file start.txt (compact mmCIF, C-alpha atoms and all ligand atoms)
# COMPACT_ATOMS: atom_id res chain seq x y z
CA MET A 26 0.00 0.00 0.00
CA VAL A 27 1.33 3.46 -0.87
CA THR A 28 1.53 5.86 2.05
CA PRO A 29 -0.08 9.26 1.23
CA MET A 30 2.33 12.21 1.01
CA THR A 31 1.02 14.07 4.09
CA GLN A 32 1.22 10.94 6.21
CA GLN A 33 4.74 10.29 4.82
CA ALA A 34 5.81 13.77 5.92
CA GLU A 35 4.46 13.14 9.41
CA ILE A 36 6.26 9.80 9.68
CA VAL A 37 9.54 11.31 8.45
CA ALA A 38 9.12 14.15 10.95
CA LYS A 39 8.57 11.63 13.75
CA MET A 40 11.64 9.62 12.63
CA ARG A 41 13.77 12.78 12.47
CA GLN A 42 12.58 13.81 15.94
CA LEU A 43 13.51 10.41 17.41
CA ILE A 44 16.91 10.46 15.64
CA GLN A 45 17.62 13.90 17.05
CA ILE A 46 16.56 12.95 20.59
CA LEU A 47 18.66 9.76 20.47
CA ALA A 48 21.67 11.73 19.19
CA GLN A 49 21.27 14.25 22.04
CA HIS A 50 21.15 11.46 24.61
CA ASN A 51 24.21 9.80 23.04
CA HIS A 52 26.06 13.08 23.30
CA ALA A 53 24.99 13.50 26.95
CA TYR A 54 26.06 9.93 27.75
CA TYR A 55 29.29 9.53 25.81
CA VAL A 56 30.66 13.02 25.39
CA MET A 57 29.39 14.90 28.45
CA ASP A 58 29.25 11.79 30.65
CA GLN A 59 25.95 13.14 32.03
CA PRO A 60 23.15 10.82 30.97
CA CYS A 61 19.73 12.45 31.44
CA ILE A 62 17.60 9.34 30.86
CA SER A 63 17.91 5.73 31.99
CA ASP A 64 19.16 2.96 29.68
CA SER A 65 15.63 1.52 29.48
CA GLU A 66 14.15 4.90 28.47
CA TYR A 67 16.82 5.10 25.77
CA ASP A 68 15.93 1.57 24.62
CA GLN A 69 12.24 2.51 24.42
CA LEU A 70 12.98 5.49 22.16
CA PHE A 71 15.30 3.32 20.05
CA HIS A 72 12.60 0.65 19.65
CA GLN A 73 9.97 3.25 18.74
CA LEU A 74 12.23 4.29 15.89
CA LYS A 75 12.91 0.69 14.87
CA ALA A 76 9.18 -0.07 14.84
CA LEU A 77 8.48 2.92 12.59
CA GLU A 78 11.28 1.84 10.27
CA ALA A 79 9.98 -1.73 10.11
CA GLN A 80 6.55 -0.37 9.10
CA TYR A 81 7.87 2.18 6.60
CA PRO A 82 11.23 0.87 5.30
CA GLU A 83 11.04 3.24 2.30
CA LEU A 84 11.28 6.21 4.70
CA ILE A 85 14.36 5.07 6.67
CA GLN A 86 16.69 8.05 7.20
CA ALA A 87 20.36 7.77 6.18
CA ASP A 88 21.64 8.80 9.61
CA THR A 89 19.44 6.50 11.66
CA PRO A 90 21.28 4.99 14.62
CA THR A 91 19.42 1.70 14.09
CA LEU A 92 21.40 0.84 10.95
CA LYS A 93 24.69 0.91 12.70
CA VAL A 94 24.49 -2.61 14.11
CA GLY A 95 25.97 -5.02 11.60
CA GLY A 96 24.44 -8.20 10.26
CA GLN A 97 26.69 -11.18 9.57
CA ALA A 98 29.94 -11.59 11.46
CA LEU A 99 33.06 -11.22 9.30
CA SER A 100 35.57 -14.05 8.94
CA LYS A 101 38.49 -11.61 8.91
CA PHE A 102 39.25 -7.91 8.45
CA GLU A 103 40.42 -6.74 5.03
CA THR A 104 43.76 -4.90 4.85
CA VAL A 105 43.62 -1.31 3.60
CA THR A 106 46.53 0.92 2.52
CA HIS A 107 46.25 4.43 3.99
CA ALA A 108 46.12 7.09 1.26
CA VAL A 109 47.90 9.41 3.70
CA PRO A 110 50.16 7.51 6.14
CA MET A 111 49.08 7.60 9.78
CA LEU A 112 52.11 9.05 11.52
CA SER A 113 53.11 8.71 15.11
CA LEU A 114 54.00 11.50 17.50
CA GLY A 115 57.28 12.16 19.25
CA ASN A 116 57.17 12.47 23.04
CA VAL A 117 58.40 14.95 25.61
CA PHE A 118 58.32 14.18 29.32
CA ASN A 119 59.32 17.39 31.10
CA TYR A 120 59.53 21.16 30.72
CA ASP A 121 63.13 21.11 29.44
CA GLU A 122 62.17 18.72 26.66
CA LEU A 123 59.14 20.87 25.85
CA LEU A 124 61.39 23.94 25.59
CA ALA A 125 63.74 22.01 23.30
CA PHE A 126 60.74 21.07 21.09
CA ALA A 127 59.75 24.77 20.90
CA ARG A 128 63.35 25.85 20.19
CA ARG A 129 63.60 23.47 17.22
CA ILE A 130 60.41 25.00 15.83
CA GLU A 131 61.55 28.60 16.38
CA GLU A 132 64.85 27.88 14.60
CA ARG A 133 62.95 26.78 11.52
CA LEU A 134 60.47 29.67 11.67
CA PRO A 135 62.72 32.66 12.47
CA GLN A 136 61.01 36.00 13.22
CA GLN A 137 57.56 34.38 13.19
CA SER A 138 55.12 34.37 16.05
CA ILE A 139 54.02 30.87 16.93
CA GLU A 140 50.79 29.78 18.57
CA TYR A 141 50.26 26.30 19.95
CA ASP A 142 47.09 24.25 19.84
CA VAL A 143 46.91 22.07 22.96
CA GLU A 144 44.68 18.97 22.98
CA LEU A 145 44.09 15.99 25.25
CA LYS A 146 46.09 12.87 24.46
CA PHE A 147 43.58 10.07 24.82
CA ASP A 148 44.65 6.61 25.83
CA GLY A 149 42.82 5.08 22.89
CA LEU A 150 43.35 3.67 19.40
CA ALA A 151 43.94 5.90 16.39
CA ILE A 152 41.67 5.26 13.40
CA SER A 153 40.86 6.90 10.10
CA LEU A 154 37.34 7.58 8.80
CA TRP A 155 36.33 8.22 5.18
CA TYR A 156 33.25 10.22 4.29
CA GLU A 157 32.08 10.43 0.68
CA LYS A 158 29.54 13.17 0.06
CA GLY A 159 29.06 13.30 3.81
CA VAL A 160 28.32 9.58 4.26
CA LEU A 161 30.63 7.39 6.35
CA VAL A 162 31.97 4.74 3.99
CA ARG A 163 35.03 3.34 5.72
CA GLY A 164 36.82 3.07 9.05
CA VAL A 165 40.40 1.78 9.20
CA THR A 166 42.75 1.08 12.12
CA ARG A 167 46.16 2.77 12.21
CA GLY A 168 47.92 -0.61 11.88
CA ASP A 169 51.59 0.01 11.10
CA GLY A 170 50.78 3.51 9.81
CA GLU A 171 50.97 2.42 6.14
CA THR A 172 48.26 -0.24 6.17
CA GLY A 173 45.47 -0.91 8.63
CA GLU A 174 42.41 -3.11 8.93
CA ASP A 175 38.97 -2.31 7.60
CA ILE A 176 36.77 -2.03 10.71
CA THR A 177 33.90 -0.16 9.04
CA GLN A 178 31.18 -2.41 10.50
CA ASN A 179 32.46 -1.83 14.01
CA VAL A 180 33.00 1.93 13.76
CA LYS A 181 29.44 2.30 12.46
CA THR A 182 28.27 1.06 15.86
CA ILE A 183 30.02 3.87 17.76
CA ARG A 184 27.18 6.00 19.02
CA ASN A 185 28.81 9.46 19.12
CA LEU A 186 30.38 9.08 15.68
CA PRO A 187 28.41 10.79 12.88
CA LYS A 188 27.37 8.40 10.10
CA VAL A 189 26.15 11.28 7.96
CA LEU A 190 27.69 14.76 8.07
CA THR A 191 25.63 17.92 8.01
CA LEU A 192 26.63 21.58 8.13
CA GLN A 193 24.46 24.58 8.97
CA ALA A 194 26.69 26.87 6.92
CA GLY A 195 28.54 25.73 3.79
CA ASN A 196 28.68 22.42 1.98
CA VAL A 197 29.80 19.07 3.27
CA PRO A 198 33.01 18.12 1.38
CA ASP A 199 32.91 15.53 -1.43
CA LEU A 200 35.67 13.61 0.35
CA LEU A 201 36.72 13.96 3.97
CA GLU A 202 39.19 11.75 5.81
CA VAL A 203 39.12 12.38 9.55
CA ARG A 204 41.62 11.01 12.04
CA GLY A 205 40.84 10.45 15.67
CA GLU A 206 40.86 8.04 18.57
CA VAL A 207 38.44 5.35 19.67
CA LEU A 208 38.28 4.86 23.41
CA MET A 209 36.03 3.67 26.17
CA PRO A 210 34.98 6.40 28.64
CA LYS A 211 35.73 5.55 32.27
CA ALA A 212 32.07 5.16 33.32
CA GLY A 213 31.31 2.78 30.43
CA PHE A 214 34.44 0.77 31.21
CA GLU A 215 33.52 0.34 34.89
CA LYS A 216 29.99 -0.74 33.94
CA LEU A 217 31.21 -3.16 31.26
CA ASN A 218 33.64 -4.80 33.69
CA ALA A 219 30.98 -4.97 36.42
CA ASP A 220 28.57 -6.65 33.95
CA HIS A 221 31.25 -9.09 32.78
CA GLN A 222 32.21 -9.88 36.36
CA ALA A 223 28.55 -10.48 37.33
CA ARG A 224 28.19 -12.91 34.41
CA GLY A 225 31.45 -14.64 35.31
CA GLU A 226 33.10 -13.46 32.08
CA LYS A 227 36.61 -12.17 31.49
CA THR A 228 37.12 -8.55 32.63
CA PHE A 229 39.40 -6.02 30.94
CA ALA A 230 42.59 -4.71 32.55
CA ASN A 231 41.97 -1.09 31.48
CA PRO A 232 39.78 1.05 29.18
CA ARG A 233 42.33 0.90 26.36
CA ASN A 234 42.33 -2.92 26.31
CA ALA A 235 38.55 -2.91 26.42
CA ALA A 236 38.37 -0.49 23.46
CA ALA A 237 40.96 -2.49 21.49
CA GLY A 238 39.16 -5.78 22.17
CA SER A 239 35.84 -4.25 21.13
CA LEU A 240 37.15 -2.85 17.84
CA ARG A 241 38.71 -6.21 16.99
CA GLN A 242 35.37 -8.04 17.16
CA LEU A 243 34.48 -9.73 13.89
CA ASP A 244 30.84 -9.67 14.97
CA SER A 245 29.80 -6.02 14.98
CA ASN A 246 26.82 -6.84 17.23
CA ILE A 247 29.34 -7.43 20.02
CA ALA A 248 31.13 -4.15 19.22
CA ALA A 249 27.72 -2.41 19.24
CA ALA A 250 27.11 -3.49 22.81
CA ARG A 251 30.39 -1.91 23.97
CA PRO A 252 30.35 1.72 25.13
CA LEU A 253 32.91 3.11 22.69
CA ALA A 254 33.35 6.75 21.77
CA PHE A 255 35.26 8.52 18.98
CA TYR A 256 37.12 11.82 19.34
CA ALA A 257 38.43 13.54 16.22
CA TYR A 258 41.87 15.17 16.22
CA GLY A 259 42.64 16.04 12.62
CA ILE A 260 41.88 16.04 8.92
CA ALA A 261 44.00 13.90 6.59
CA GLN A 262 42.21 14.85 3.34
CA CYS A 263 39.45 17.23 2.36
CA GLN A 264 38.15 17.77 -1.19
CA PRO A 265 37.44 20.52 -2.00
CA HIS A 266 39.87 22.02 0.49
CA HIS A 267 38.21 23.40 3.63
CA GLY A 268 40.11 26.69 3.36
CA LEU A 269 40.82 26.83 7.10
CA SER A 270 44.15 28.20 8.27
CA THR A 271 44.58 26.87 11.80
CA MET A 272 44.38 23.61 13.72
CA SER A 273 42.00 25.16 16.26
CA ALA A 274 39.63 26.29 13.45
CA SER A 275 39.74 22.72 12.05
CA LEU A 276 38.62 21.35 15.41
CA ILE A 277 35.72 23.81 15.57
CA TRP A 278 34.74 22.88 12.00
CA LEU A 279 34.88 19.17 12.85
CA GLU A 280 32.56 19.87 15.79
CA GLN A 281 30.16 21.67 13.45
CA LEU A 282 30.19 18.61 11.21
CA GLY A 283 29.03 16.50 14.16
CA PHE A 284 32.29 15.11 15.57
CA ALA A 285 33.19 15.08 19.24
CA VAL A 286 36.60 16.58 19.94
CA GLY A 287 38.36 16.52 23.31
CA GLU A 288 36.61 18.00 26.35
CA ARG A 289 39.43 20.54 26.56
CA HIS A 290 41.52 22.20 23.86
CA PHE A 291 43.22 25.57 23.96
CA VAL A 292 45.34 27.89 21.88
CA CYS A 293 48.42 29.15 23.77
CA ASP A 294 50.52 32.06 22.55
CA SER A 295 53.72 30.92 24.28
CA ILE A 296 55.39 27.73 25.38
CA GLU A 297 55.11 28.95 29.01
CA ALA A 298 51.33 29.09 28.57
CA VAL A 299 51.45 25.52 27.19
CA GLN A 300 53.22 24.44 30.38
CA SER A 301 50.51 26.07 32.56
CA ALA A 302 47.74 24.41 30.52
CA TYR A 303 49.53 21.05 30.90
CA GLU A 304 49.81 21.48 34.69
CA GLN A 305 46.17 22.50 34.95
CA ILE A 306 44.96 19.50 32.92
CA ASN A 307 47.13 17.15 34.95
CA GLN A 308 45.24 18.40 38.05
CA GLU A 309 41.84 18.03 36.35
CA ARG A 310 42.64 14.60 34.97
CA PRO A 311 40.72 12.57 37.58
CA GLN A 312 37.54 14.57 36.81
CA LEU A 313 37.68 13.91 33.05
CA SER A 314 35.26 11.34 31.67
CA VAL A 315 38.02 9.65 29.68
CA GLU A 316 41.53 8.34 30.31
CA ILE A 317 44.31 10.56 29.02
CA ASP A 318 48.04 9.99 29.22
CA GLY A 319 49.20 13.47 28.29
CA MET A 320 48.57 16.47 26.07
CA VAL A 321 49.27 16.89 22.37
CA ILE A 322 50.99 20.16 21.47
CA LYS A 323 50.68 21.30 17.85
CA VAL A 324 51.77 24.41 15.98
CA ASN A 325 48.40 26.04 15.37
CA ASP A 326 49.04 27.61 11.95
CA LEU A 327 48.59 25.06 9.13
CA LYS A 328 51.03 26.87 6.80
CA GLN A 329 53.68 26.82 9.51
CA GLN A 330 52.97 23.10 9.97
CA GLN A 331 53.63 22.61 6.25
CA THR A 332 56.91 24.53 6.42
CA LEU A 333 58.06 22.44 9.38
CA GLY A 334 57.19 19.13 7.70
CA PHE A 335 58.27 15.77 9.09
CA LEU A 336 61.34 14.09 10.46
CA SER A 337 61.28 10.40 9.52
CA ARG A 338 57.76 9.33 10.56
CA GLU A 339 56.92 12.11 13.01
CA PRO A 340 55.61 15.63 12.40
CA ARG A 341 58.08 18.33 13.52
CA TRP A 342 55.09 20.53 14.35
CA ALA A 343 53.54 18.28 17.01
CA THR A 344 54.54 16.29 20.04
CA ALA A 345 52.90 14.37 22.87
CA TYR A 346 53.66 15.84 26.29
CA LYS A 347 53.20 12.80 28.55
CA PHE A 348 52.04 12.97 32.16
CA PRO A 349 54.35 11.38 34.72
CA ALA A 350 53.26 7.83 35.43
CA VAL A 351 51.88 7.39 38.92
CA ALA A 352 53.61 4.17 39.92
CA ALA A 353 55.37 2.65 42.93
CA LEU A 354 57.28 -0.48 43.75
CA THR A 355 55.98 -2.94 46.35
CA THR A 356 55.79 -6.64 47.24
CA VAL A 357 53.01 -9.17 46.64
CA GLU A 358 52.30 -10.63 50.10
CA ASN A 359 49.56 -12.99 49.01
CA ILE A 360 47.14 -13.77 46.21
CA ASP A 361 43.57 -14.51 47.32
CA TRP A 362 40.57 -15.65 45.32
CA GLN A 363 37.45 -13.55 45.72
CA VAL A 364 34.08 -15.09 44.97
CA GLY A 365 31.63 -12.89 43.08
CA ARG A 366 27.81 -12.99 43.35
CA THR A 367 27.62 -15.40 40.42
CA GLY A 368 30.35 -17.61 41.82
CA ALA A 369 33.08 -16.28 39.51
CA LEU A 370 36.56 -16.38 41.07
CA THR A 371 38.74 -13.29 40.80
CA PRO A 372 42.37 -13.28 41.98
CA VAL A 373 43.34 -10.32 44.17
CA ALA A 374 46.96 -9.51 45.02
CA ARG A 375 47.47 -8.44 48.64
CA LEU A 376 50.31 -5.95 48.59
CA HIS A 377 52.62 -4.46 51.14
CA PRO A 378 50.81 -1.07 51.46
CA VAL A 379 52.33 1.58 49.22
CA ALA A 380 51.44 5.19 48.35
CA VAL A 381 50.66 5.62 44.64
CA GLY A 382 49.85 9.17 43.61
CA GLY A 383 48.72 10.09 47.14
CA VAL A 384 46.54 7.00 47.71
CA THR A 385 47.57 3.96 49.76
CA VAL A 386 47.17 0.79 47.76
CA SER A 387 47.14 -2.58 49.49
CA ASN A 388 44.94 -4.69 47.18
CA VAL A 389 44.86 -4.89 43.45
CA THR A 390 42.73 -7.06 41.23
CA LEU A 391 44.52 -9.45 38.91
CA HIS A 392 41.27 -9.99 36.97
CA ASN A 393 41.68 -13.66 36.05
CA ILE A 394 44.11 -16.56 35.79
CA GLY A 395 45.06 -15.42 32.28
CA GLU A 396 46.31 -12.10 33.68
CA ILE A 397 48.36 -13.95 36.36
CA GLN A 398 49.93 -16.01 33.60
CA ARG A 399 50.50 -13.00 31.34
CA LEU A 400 52.26 -11.08 34.11
CA ASP A 401 53.87 -14.25 35.54
CA VAL A 402 53.25 -12.81 39.00
CA ARG A 403 54.08 -14.92 42.07
CA VAL A 404 53.66 -14.46 45.83
CA GLY A 405 56.82 -12.70 47.04
CA ASP A 406 57.43 -10.84 43.76
CA ARG A 407 58.40 -7.17 43.58
CA VAL A 408 55.87 -5.39 41.35
CA SER A 409 55.25 -1.88 39.99
CA VAL A 410 51.75 -0.72 40.82
CA TYR A 411 50.25 1.93 38.62
CA ARG A 412 47.32 4.30 38.91
CA SER A 413 46.22 6.49 36.08
CA GLY A 414 43.54 9.12 36.60
CA ASP A 415 41.01 7.80 39.07
CA VAL A 416 40.89 4.33 37.59
CA ILE A 417 41.58 1.37 39.86
CA PRO A 418 45.25 0.56 40.48
CA LYS A 419 46.83 -2.29 38.57
CA VAL A 420 50.01 -4.33 38.52
CA GLU A 421 51.96 -2.89 35.63
CA LYS A 422 55.09 -4.97 35.75
CA VAL A 423 56.70 -7.79 37.66
CA TRP A 424 60.44 -7.49 38.35
CA PRO A 425 61.77 -11.06 37.95
CA GLU A 426 65.31 -9.84 38.74
CA PHE A 427 64.15 -9.23 42.35
CA ARG A 428 62.26 -12.54 42.62
CA PRO A 429 63.06 -14.37 45.88
CA VAL A 430 64.00 -18.06 45.56
CA ASP A 431 60.91 -19.06 47.55
CA ALA A 432 58.42 -17.06 45.41
CA GLN A 433 55.25 -19.15 45.03
CA GLU A 434 53.43 -19.70 41.76
CA VAL A 435 49.65 -19.34 41.90
CA THR A 436 47.25 -21.76 40.28
CA LEU A 437 43.47 -21.85 40.10
CA PRO A 438 42.15 -23.45 43.34
CA ASN A 439 40.37 -26.82 43.06
CA GLN A 440 37.74 -25.79 45.58
CA CYS A 441 35.73 -22.63 46.10
CA PRO A 442 37.31 -20.77 49.06
CA VAL A 443 33.82 -19.95 50.41
CA CYS A 444 31.63 -23.04 49.92
CA ALA A 445 34.32 -25.66 49.10
CA SER A 446 32.44 -26.85 46.01
CA PRO A 447 34.65 -27.90 43.08
CA VAL A 448 35.89 -25.11 40.80
CA VAL A 449 34.75 -25.53 37.21
O1 LIG A 501 47.95 9.73 17.71
C1 LIG A 501 47.51 10.96 17.90
C2 LIG A 501 46.70 11.27 18.94
C3 LIG A 501 46.23 12.54 19.15
C4 LIG A 501 47.91 11.97 16.99
C5 LIG A 501 47.44 13.30 17.20
C6 LIG A 501 46.59 13.56 18.30
O2 LIG A 501 46.18 14.81 18.44
C7 LIG A 501 45.35 15.13 19.55
N1 LIG A 501 47.81 14.28 16.36
C8 LIG A 501 48.62 13.98 15.33
C9 LIG A 501 49.01 15.06 14.42
C10 LIG A 501 49.08 12.68 15.11
N2 LIG A 501 48.73 11.68 15.94
C11 LIG A 501 49.99 12.33 13.98
call {"tool": "encode", "arguments": {"input": "start.txt", "output": "structure tokens"}}
result
Amino acid sequence: MVTPMTQQAEIVAKMRQLIQILAQHNHAYYVMDQPCISDSEYDQLFHQLKALEAQYPELIQADTPTLKVGGQALSKFETVTHAVPMLSLGNVFNYDELLAFARRIEERLPQQSIEYDVELKFDGLAISLWYEKGVLVRGVTRGDGETGEDITQNVKTIRNLPKVLTLQAGNVPDLLEVRGEVLMPKAGFEKLNADHQARGEKTFANPRNAAAGSLRQLDSNIAAARPLAFYAYGIAQCQPHHGLSTMSASLIWLEQLGFAVGERHFVCDSIEAVQSAYEQINQERPQLSVEIDGMVIKVNDLKQQQTLGFLSREPRWATAYKFPAVAALTTVENIDWQVGRTGALTPVARLHPVAVGGVTVSNVTLHNIGEIQRLDVRVGDRVSVYRSGDVIPKVEKVWPEFRPVDAQEVTLPNQCPVCASPVV
């Protein structure tokens, strides 16, 4: 049966309204970390949209969030060669090294004033996204920088990532390649691990591992259930050219196109101001909704960036200014098995109490037997314990060179430590 035009317009308007509301709630949840409705209310809105689409498939909107969940699982990811290589960044770790970075730039740009764009350095995975006539057509991992893997089906499930670009002013480019990072916000990570733990499934050591594991899923329905987010940091290609002259203007333009960029980014007119911004962000780090491991400092002017060019595989115009790791050395005094509500056993290392970034740590989860084996941690071992942001502490490294001769290996117990029933 053909739907009359007036009714069609009403249905499209209803679909558009639901798409807009869902996008706003995604933004509140993933970008602002301030959900304003419950998960079940979100699901109800989502299902209203799906029901309308099932009834009127000819009216499905290109940017609907319901299309992002893939169908068939893939058997492998295809390899893709990057049209523009995905470079890596050099690192600086202290103010002296930052000054040396600035001096190298000033030497190559004599008598020029230099502004710096300062962005968050997410602890995520760099990817590249292709948009043709504003429609997302491909997502590729960084890989070795020259070739990556085609993860289009998985990136389409990332809720805060625009599948269709729109602009209030000006035209969407014919071709746009955007670079950015996929990560799992802290709140989503904690919830995912709590859910996995409650179901007796493997938990993830940190948000980065969780994001990497989610992007590597061949079944995009699994990726869709993971709370991933995408933050854009740059433009690799734009046809026709966007005509922008600074990095900071590019970030604003990317936001106008629908991309999330970091919660904080600034332009600083001196390297001293960069240092203050870095110190301020290091203080604010625990309050951020995402894990960061430093700041990225870029020359703001795109022409100056071009003049500076690259040294081997790193841009001369950008560097990562890493935060000091918050770590301390201590001893594993015991490894206990904790029994969860569902009966899942989780190993917990009991440590000689140690201050890590101002907090005393005496217990740290080892997640599962696989993690014990990966770390090869034994009772009596000296270990580095690490805290980043406000995320739970973890054993970063075991120091086998300090291992006492009587260090004890840990195996899965045969019996439950609480009810003595056999461990399966
Ligand atoms: O890997 C990266 C993470 C974040 C980047 C980057 C970035 O900016 C916030 N920027 C550039 C220019 C590159 N990699 C090459």
call {"tool": "atom_distance", "arguments": {"input": "start.txt", "atom1": "CA of Asp142 (chain A)", "atom2": "CA of Phe291 (chain A)"}}
result
5.8 Å
call {"tool": "closest_atom_pairs", "arguments": {"input": "start.txt", "of": "chain A", "to": "ligand LIG 501 (chain A)", "cutoff": "6 Å", "atoms": "only C-alpha atoms and all ligand atoms", "output": "tab-separated table"}}
result
residue	atom	partner	partner_atom	distance
A:Leu112	CA	A:LIG501	C11	4.6
A:Ser113	CA	A:LIG501	C11	4.9
A:Leu114	CA	A:LIG501	C11	5.4
A:Glu144	CA	A:LIG501	C7	5.2
A:Leu145	CA	A:LIG501	C7	5.9
A:Lys146	CA	A:LIG501	C3	5.3
A:Ala151	CA	A:LIG501	O1	5.7
A:Tyr258	CA	A:LIG501	C7	4.8
A:Val321	CA	A:LIG501	C7	5.1
call {"tool": "write_last_selection", "arguments": {"input": "start.txt", "atoms": "C-alpha atoms", "output": "PDB file, keeping the file's coordinate frame"}}
result
ATOM      1  CA  LEU A 112      52.110   9.050  11.520  1.00  0.00           C
ATOM      2  CA  SER A 113      53.110   8.710  15.110  1.00  0.00           C
ATOM      3  CA  LEU A 114      54.000  11.500  17.500  1.00  0.00           C
ATOM      4  CA  GLU A 144      44.680  18.970  22.980  1.00  0.00           C
ATOM      5  CA  LEU A 145      44.090  15.990  25.250  1.00  0.00           C
ATOM      6  CA  LYS A 146      46.090  12.870  24.460  1.00  0.00           C
ATOM      7  CA  ALA A 151      43.940   5.900  16.390  1.00  0.00           C
ATOM      8  CA  TYR A 258      41.870  15.170  16.220  1.00  0.00           C
ATOM      9  CA  VAL A 321      49.270  16.890  22.370  1.00  0.00           C
TER      10      VAL A 321
END
call {"tool": "closest_residue", "arguments": {"input": "start.txt", "among": "A:Phe102, A:Phe126, A:Tyr67, A:Phe147", "to": "Val324 (chain A)", "atoms": "all atoms listed in the file"}}
result
A:Phe126
call {"tool": "closest_residue", "arguments": {"input": "start.txt", "among": "A:Gly365, A:Glu35, A:Arg341, A:Leu370", "to": "Ala125 (chain A)", "atoms": "all atoms listed in the file"}}
result
A:Arg341
call {"tool": "residues_around", "arguments": {"input": "start.txt", "residues": "Gly213 (chain A)", "least_positions_apart": "6", "cutoff": "9 Å", "atoms": "all atoms listed in the file", "output": "ChimeraX atom specification"}}
result
/A:55,232,251-253
call {"tool": "closest_residue", "arguments": {"input": "start.txt", "among": "A:Val117, A:Leu240, A:Val37, A:Met111", "to": "Gly205 (chain A)", "atoms": "all atoms listed in the file"}}
result
A:Met111
call {"tool": "closest_residue", "arguments": {"input": "start.txt", "among": "A:Leu269, A:Ile46, A:Val105, A:Ala345", "to": "Ile317 (chain A)", "atoms": "all atoms listed in the file"}}
result
A:Ala345
call {"tool": "atom_distance", "arguments": {"input": "start.txt", "atom1": "CA of Gly395 (chain A)", "atom2": "CA of Ser314 (chain A)"}}
result
28.5 Å
call {"tool": "closest_residue", "arguments": {"input": "start.txt", "among": "A:Pro265, A:Gly334, A:Pro418, A:Pro210", "to": "Glu288 (chain A)", "atoms": "only C-alpha atoms"}}
result
A:Pro210
call {"tool": "residues_around", "arguments": {"input": "start.txt", "residues": "Ala48 (chain A)", "least_positions_apart": "6", "cutoff": "9 Å", "atoms": "all atoms listed in the file", "output": "PyMOL selection string"}}
result
chain A and resi 90+184-185
call {"tool": "closest_residue", "arguments": {"input": "start.txt", "among": "A:Val180, A:Val404, A:Ala249, A:Met320", "to": "Asp431 (chain A)", "atoms": "all atoms listed in the file"}}
result
A:Val404
call {"tool": "residues_near_point", "arguments": {"input": "start.txt", "point": "(39.8, 19.7, -1.9)", "cutoff": "12 Å", "atoms": "all atoms listed in the file", "output": "PDB file with C-alpha atoms, in the frame of the given file"}}
result
ATOM      1  CA  VAL A 197      29.800  19.070   3.270  1.00  0.00           C
ATOM      2  CA  PRO A 198      33.010  18.120   1.380  1.00  0.00           C
ATOM      3  CA  ASP A 199      32.910  15.530  -1.430  1.00  0.00           C
ATOM      4  CA  LEU A 200      35.670  13.610   0.350  1.00  0.00           C
ATOM      5  CA  LEU A 201      36.720  13.960   3.970  1.00  0.00           C
ATOM      6  CA  GLU A 202      39.190  11.750   5.810  1.00  0.00           C
ATOM      7  CA  ILE A 260      41.880  16.040   8.920  1.00  0.00           C
ATOM      8  CA  ALA A 261      44.000  13.900   6.590  1.00  0.00           C
ATOM      9  CA  GLN A 262      42.210  14.850   3.340  1.00  0.00           C
ATOM     10  CA  CYS A 263      39.450  17.230   2.360  1.00  0.00           C
ATOM     11  CA  GLN A 264      38.150  17.770  -1.190  1.00  0.00           C
ATOM     12  CA  PRO A 265      37.440  20.520  -2.000  1.00  0.00           C
ATOM     13  CA  HIS A 266      39.870  22.020   0.490  1.00  0.00           C
ATOM     14  CA  HIS A 267      38.210  23.400   3.630  1.00  0.00           C
ATOM     15  CA  GLY A 268      40.110  26.690   3.360  1.00  0.00           C
ATOM     16  CA  LEU A 269      40.820  26.830   7.100  1.00  0.00           C
TER      17      LEU A 269
END
call {"tool": "atom_distance", "arguments": {"input": "start.txt", "atom1": "CA of Ser65 (chain A)", "atom2": "CA of Ala285 (chain A)"}}
result
24.4 Å
call {"tool": "residues_around", "arguments": {"input": "start.txt", "residues": "region 356-362 of chain A", "least_positions_apart": "6", "cutoff": "8 Å", "atoms": "all atoms listed in the file", "output": "PyMOL selection string"}}
result
chain A and resi 370-377+403-408+435+442
